[in-house]
Every structure is written in structure tokens, then in C-alpha cells.
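For reference, the structure is listed below as C-alpha cells.
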Amino acid sequence: GLLFHILFNSLTKDKYEVLPEYNLPQGRADIMSRSLPGAKVLSEFQDLFEFKQVPKSATDEVFETKFEDAKAQMQRYAPKGWRGIAVCFRGNKDYKIEIEQF
């Protein structure tokens, strides 16, 4: 929720779009952010975010499995030309992130 709030409130609404729970034909991304078509922007982007969280007490195996789930979801539904960002948190200290261009 915090990342959505930051993106939504810091990006110019006439140049960028940020949506939570973005529906795609193969699934639903937690957050979608993109440059609006035709908008004059310094940096164009089309990003999908998938987040997973496990308890602080989760084993490394559980943590890795959840992270692999997030990556698999991205690979399943990210359209060509988009960037997929898979993130998994363990408690409030550990995290894994992978960014892949599709």
C-alpha cells in the first residue's frame, strides 16, 4: 500500500497512470504504473509489481518459495514490452527483488 501511495501522489497525473490490482488477461498485478501514451516525459515506463510477504519466522525455504511464486506470476501475465518487478518480504528486515524485462 505504501508504494502505491508514494507512486500515486508523486507522479504527474497527466503524464503517468498508477493503478492497484490491475487486471490482465492472465491474472492481476498488485500495482501497475506506466507513462501515458503520447505524454512528454523524461522517462517512459510500463511496470507491473507483484508483492508477497511471509512472517518473520518463516524458514529460508518458505521465503524462497513465496519469492518464486511472485516471479512465476510476473512471467505468466506480464505483456511484452513491460517490466515485471517481483518482491517478497520476510518480516520487516529481509526482502528479495527481481526486475525482468518482458
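Here's how to read the names in the C-alpha cells: chain A, B, ... by the order shown, residue numbers from 1 in each chain, ligand numbers from 1 in the order shown.
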Which residues are close to region 77-87 of chain A, i.e. within 8 Å by only C-alpha atoms, leaving aside same-chain residues fewer than 3 positions away? Reply as a PyMOL selection string. chain A and resi 24-28+45-52+67+70-71+73-74+95-102
Counting only C-alpha atoms, the residue of A:Lys93, A:Lys66, A:Arg76, A:Arg34 that sits nearest Gln53 (chain A): A:Lys66
Show me, as a ChimeraX atom specification, the residues that have an atom within 12 Å of region 6-9 of chain A when counting only C-alpha atoms, minus same-chain residues fewer than 2 positions from it. /A:1-4,11-20,31-34,47,49
Could you write out that same residue set with C-alpha atoms as a PDB file, in the first residue's frame?
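Wrote result15.pdb, looks like this:
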```
ATOM      1  CA  GLY A   1       0.000   0.000   0.000  1.00  0.00           C
ATOM      2  CA  LEU A   2       2.810   2.408   0.833  1.00  0.00           C
ATOM      3  CA  LEU A   3       4.485   2.072  -2.579  1.00  0.00           C
ATOM      4  CA  PHE A   4       1.151   2.665  -4.341  1.00  0.00           C
ATOM      5  CA  LEU A  11       3.727  11.121 -10.372  1.00  0.00           C
ATOM      6  CA  THR A  12       2.074  13.778 -12.524  1.00  0.00           C
ATOM      7  CA  LYS A  13      -1.487  12.618 -13.300  1.00  0.00           C
ATOM      8  CA  ASP A  14      -1.469  13.972 -16.861  1.00  0.00           C
ATOM      9  CA  LYS A  15       1.707  12.033 -17.700  1.00  0.00           C
ATOM     10  CA  TYR A  16       1.551   8.815 -15.658  1.00  0.00           C
ATOM     11  CA  GLU A  17      -1.028   6.285 -14.548  1.00  0.00           C
ATOM     12  CA  VAL A  18      -0.810   4.172 -11.373  1.00  0.00           C
ATOM     13  CA  LEU A  19      -3.454   1.561 -10.580  1.00  0.00           C
ATOM     14  CA  PRO A  20      -3.749  -1.046  -7.800  1.00  0.00           C
ATOM     15  CA  ILE A  31       0.360  -2.402  -8.914  1.00  0.00           C
ATOM     16  CA  MET A  32       0.608  -1.137 -12.490  1.00  0.00           C
ATOM     17  CA  SER A  33       2.421   2.079 -13.352  1.00  0.00           C
ATOM     18  CA  ARG A  34       3.049   3.479 -16.802  1.00  0.00           C
ATOM     19  CA  ASP A  47       5.861  -1.574 -14.862  1.00  0.00           C
ATOM     20  CA  PHE A  49       4.612  -5.067  -9.422  1.00  0.00           C
TER      21      PHE A  49
END
```
From a DSSP calculation on the backbone, collect every residue of region 31-90 of chain A in strand (DSSP E) and output the set as a tab-separated table (two decimals) with all heavy atoms, in the first residue's frame.
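File written: states.tsv
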```
chain	number	residue	atom	x	y	z
A	31	ILE	N	0.31	-3.82	-8.51
A	31	ILE	CA	0.36	-2.40	-8.91
A	31	ILE	C	0.82	-2.32	-10.37
A	31	ILE	O	1.72	-3.04	-10.78
A	31	ILE	CB	1.34	-1.59	-8.05
A	31	ILE	CG1	0.90	-1.56	-6.58
A	31	ILE	CG2	1.49	-0.16	-8.58
A	31	ILE	CD1	1.87	-0.87	-5.66
A	32	MET	N	0.18	-1.44	-11.13
A	32	MET	CA	0.61	-1.14	-12.49
A	32	MET	C	0.95	0.34	-12.54
A	32	MET	O	0.20	1.17	-12.02
A	32	MET	CB	-0.53	-1.44	-13.48
A	32	MET	CG	-0.17	-1.17	-14.94
A	32	MET	SD	-0.26	0.54	-15.52
A	32	MET	CE	-1.98	0.90	-15.41
A	33	SER	N	2.08	0.67	-13.13
A	33	SER	CA	2.42	2.08	-13.35
A	33	SER	C	2.98	2.20	-14.76
A	33	SER	O	3.72	1.34	-15.22
A	33	SER	CB	3.44	2.58	-12.31
A	33	SER	OG	4.63	1.85	-12.40
A	34	ARG	N	2.57	3.28	-15.43
A	34	ARG	CA	3.05	3.48	-16.80
A	34	ARG	C	2.97	4.94	-17.20
A	34	ARG	O	2.20	5.72	-16.62
A	34	ARG	CB	2.25	2.65	-17.79
A	34	ARG	CG	0.83	3.13	-17.95
A	34	ARG	CD	0.09	2.35	-19.00
A	34	ARG	NE	-1.29	2.81	-19.08
A	34	ARG	CZ	-2.05	2.64	-20.12
A	34	ARG	NH1	-1.60	2.00	-21.16
A	34	ARG	NH2	-3.28	3.09	-20.12
A	35	SER	N	3.76	5.27	-18.20
A	35	SER	CA	3.68	6.58	-18.84
A	35	SER	C	2.45	6.56	-19.73
A	35	SER	O	2.19	5.57	-20.41
A	35	SER	CB	4.90	6.84	-19.70
A	35	SER	OG	6.08	6.54	-19.01
A	46	GLN	N	6.66	1.19	-18.23
A	46	GLN	CA	5.49	0.32	-18.12
A	46	GLN	C	5.88	-0.78	-17.16
A	46	GLN	O	6.60	-1.71	-17.53
A	46	GLN	CB	5.11	-0.26	-19.48
A	46	GLN	CG	4.65	0.79	-20.47
A	46	GLN	CD	4.33	0.16	-21.81
A	46	GLN	OE1	5.13	-0.57	-22.37
A	46	GLN	NE2	3.15	0.46	-22.32
A	47	ASP	N	5.43	-0.65	-15.91
A	47	ASP	CA	5.86	-1.57	-14.86
A	47	ASP	C	4.68	-2.26	-14.20
A	47	ASP	O	3.64	-1.65	-13.96
A	47	ASP	CB	6.63	-0.83	-13.76
A	47	ASP	CG	7.92	-0.21	-14.26
A	47	ASP	OD1	8.55	-0.79	-15.15
A	47	ASP	OD2	8.30	0.85	-13.74
A	48	LEU	N	4.88	-3.54	-13.90
A	48	LEU	CA	3.93	-4.31	-13.09
A	48	LEU	C	4.66	-4.78	-11.85
A	48	LEU	O	5.79	-5.27	-11.94
A	48	LEU	CB	3.42	-5.52	-13.88
A	48	LEU	CG	2.63	-5.21	-15.14
A	48	LEU	CD1	2.33	-6.51	-15.89
A	48	LEU	CD2	1.34	-4.48	-14.81
A	49	PHE	N	4.03	-4.65	-10.69
A	49	PHE	CA	4.61	-5.07	-9.42
A	49	PHE	C	3.81	-6.22	-8.84
A	49	PHE	O	2.58	-6.18	-8.85
A	49	PHE	CB	4.57	-3.92	-8.41
A	49	PHE	CG	5.43	-2.74	-8.76
A	49	PHE	CD1	4.97	-1.76	-9.62
A	49	PHE	CD2	6.69	-2.61	-8.21
A	49	PHE	CE1	5.75	-0.66	-9.93
A	49	PHE	CE2	7.48	-1.51	-8.51
A	49	PHE	CZ	7.01	-0.53	-9.38
A	50	GLU	N	4.51	-7.21	-8.33
A	50	GLU	CA	3.88	-8.33	-7.61
A	50	GLU	C	4.58	-8.44	-6.27
A	50	GLU	O	5.80	-8.59	-6.21
A	50	GLU	CB	4.00	-9.63	-8.40
A	50	GLU	CG	3.26	-10.78	-7.80
A	50	GLU	CD	1.76	-10.54	-7.71
A	50	GLU	OE1	1.17	-10.00	-8.66
A	50	GLU	OE2	1.18	-10.90	-6.67
A	51	PHE	N	3.80	-8.37	-5.19
A	51	PHE	CA	4.35	-8.42	-3.83
A	51	PHE	C	3.88	-9.67	-3.10
A	51	PHE	O	2.72	-10.06	-3.23
A	51	PHE	CB	3.89	-7.20	-3.02
A	51	PHE	CG	4.38	-5.91	-3.57
A	51	PHE	CD1	3.56	-5.12	-4.36
A	51	PHE	CD2	5.66	-5.46	-3.31
A	51	PHE	CE1	4.00	-3.92	-4.88
A	51	PHE	CE2	6.11	-4.25	-3.83
A	51	PHE	CZ	5.27	-3.49	-4.61
A	52	LYS	N	4.78	-10.24	-2.33
A	52	LYS	CA	4.47	-11.37	-1.44
A	52	LYS	C	5.09	-11.07	-0.09
A	52	LYS	O	6.11	-10.38	0.00
A	52	LYS	CB	5.03	-12.69	-1.97
A	52	LYS	CG	4.52	-13.10	-3.33
A	52	LYS	CD	3.08	-13.50	-3.26
A	52	LYS	CE	2.61	-13.97	-4.64
A	52	LYS	NZ	1.18	-14.04	-4.73
A	53	GLN	N	4.49	-11.61	0.95
A	53	GLN	CA	5.03	-11.41	2.29
A	53	GLN	C	4.90	-12.71	3.07
A	53	GLN	O	3.90	-13.42	2.95
A	53	GLN	CB	4.28	-10.31	3.01
A	53	GLN	CG	4.85	-9.99	4.36
A	53	GLN	CD	4.20	-8.78	4.99
A	53	GLN	OE1	3.28	-8.20	4.45
A	53	GLN	NE2	4.68	-8.41	6.16
A	54	VAL	N	5.94	-13.02	3.84
A	54	VAL	CA	5.92	-14.16	4.74
A	54	VAL	C	6.27	-13.66	6.14
A	54	VAL	O	6.88	-12.60	6.29
A	54	VAL	CB	6.90	-15.28	4.30
A	54	VAL	CG1	6.52	-15.83	2.94
A	54	VAL	CG2	8.33	-14.79	4.29
A	83	ARG	N	7.93	-4.19	-17.90
A	83	ARG	CA	8.91	-4.62	-16.92
A	83	ARG	C	8.14	-5.20	-15.73
A	83	ARG	O	7.18	-4.60	-15.25
A	83	ARG	CB	9.75	-3.43	-16.48
A	83	ARG	CG	10.89	-3.76	-15.59
A	83	ARG	CD	11.82	-2.60	-15.38
A	83	ARG	NE	11.10	-1.34	-15.21
A	83	ARG	CZ	11.66	-0.15	-15.27
A	83	ARG	NH1	12.95	-0.04	-15.51
A	83	ARG	NH2	10.95	0.95	-15.10
A	84	GLY	N	8.55	-6.38	-15.29
A	84	GLY	CA	7.94	-7.03	-14.13
A	84	GLY	C	8.85	-6.92	-12.92
A	84	GLY	O	10.04	-7.18	-13.02
A	85	ILE	N	8.28	-6.55	-11.80
A	85	ILE	CA	9.06	-6.39	-10.57
A	85	ILE	C	8.42	-7.28	-9.50
A	85	ILE	O	7.30	-7.02	-9.06
A	85	ILE	CB	9.09	-4.91	-10.12
A	85	ILE	CG1	9.67	-4.06	-11.24
A	85	ILE	CG2	9.87	-4.76	-8.82
A	85	ILE	CD1	9.26	-2.64	-11.24
A	86	ALA	N	9.14	-8.34	-9.13
A	86	ALA	CA	8.66	-9.27	-8.12
A	86	ALA	C	9.40	-8.99	-6.82
A	86	ALA	O	10.63	-8.88	-6.81
A	86	ALA	CB	8.91	-10.71	-8.56
A	87	VAL	N	8.64	-8.86	-5.73
A	87	VAL	CA	9.22	-8.53	-4.43
A	87	VAL	C	8.61	-9.45	-3.38
A	87	VAL	O	7.40	-9.67	-3.37
A	87	VAL	CB	8.93	-7.06	-4.03
A	87	VAL	CG1	9.60	-6.72	-2.71
A	87	VAL	CG2	9.33	-6.09	-5.12
A	88	CYS	N	9.47	-9.96	-2.50
A	88	CYS	CA	8.99	-10.77	-1.37
A	88	CYS	C	9.65	-10.25	-0.10
A	88	CYS	O	10.87	-10.04	-0.07
A	88	CYS	CB	9.31	-12.24	-1.58
A	88	CYS	SG	8.57	-13.31	-0.31
A	89	PHE	N	8.83	-10.03	0.93
A	89	PHE	CA	9.31	-9.55	2.22
A	89	PHE	C	9.20	-10.66	3.25
A	89	PHE	O	8.21	-11.39	3.26
A	89	PHE	CB	8.46	-8.38	2.72
A	89	PHE	CG	8.54	-7.16	1.84
A	89	PHE	CD1	7.58	-6.93	0.88
A	89	PHE	CD2	9.57	-6.25	2.01
A	89	PHE	CE1	7.64	-5.80	0.08
A	89	PHE	CE2	9.64	-5.12	1.21
A	89	PHE	CZ	8.68	-4.89	0.25
A	90	ARG	N	10.20	-10.73	4.14
A	90	ARG	CA	10.11	-11.62	5.30
A	90	ARG	C	10.21	-10.71	6.52
A	90	ARG	O	11.26	-10.11	6.78
A	90	ARG	CB	11.23	-12.64	5.32
A	90	ARG	CG	11.18	-13.53	6.56
A	90	ARG	CD	12.04	-14.76	6.50
A	90	ARG	NE	13.38	-14.50	6.00
A	90	ARG	CZ	14.27	-15.46	5.80
A	90	ARG	NH1	13.98	-16.72	6.06
A	90	ARG	NH2	15.46	-15.17	5.33
```
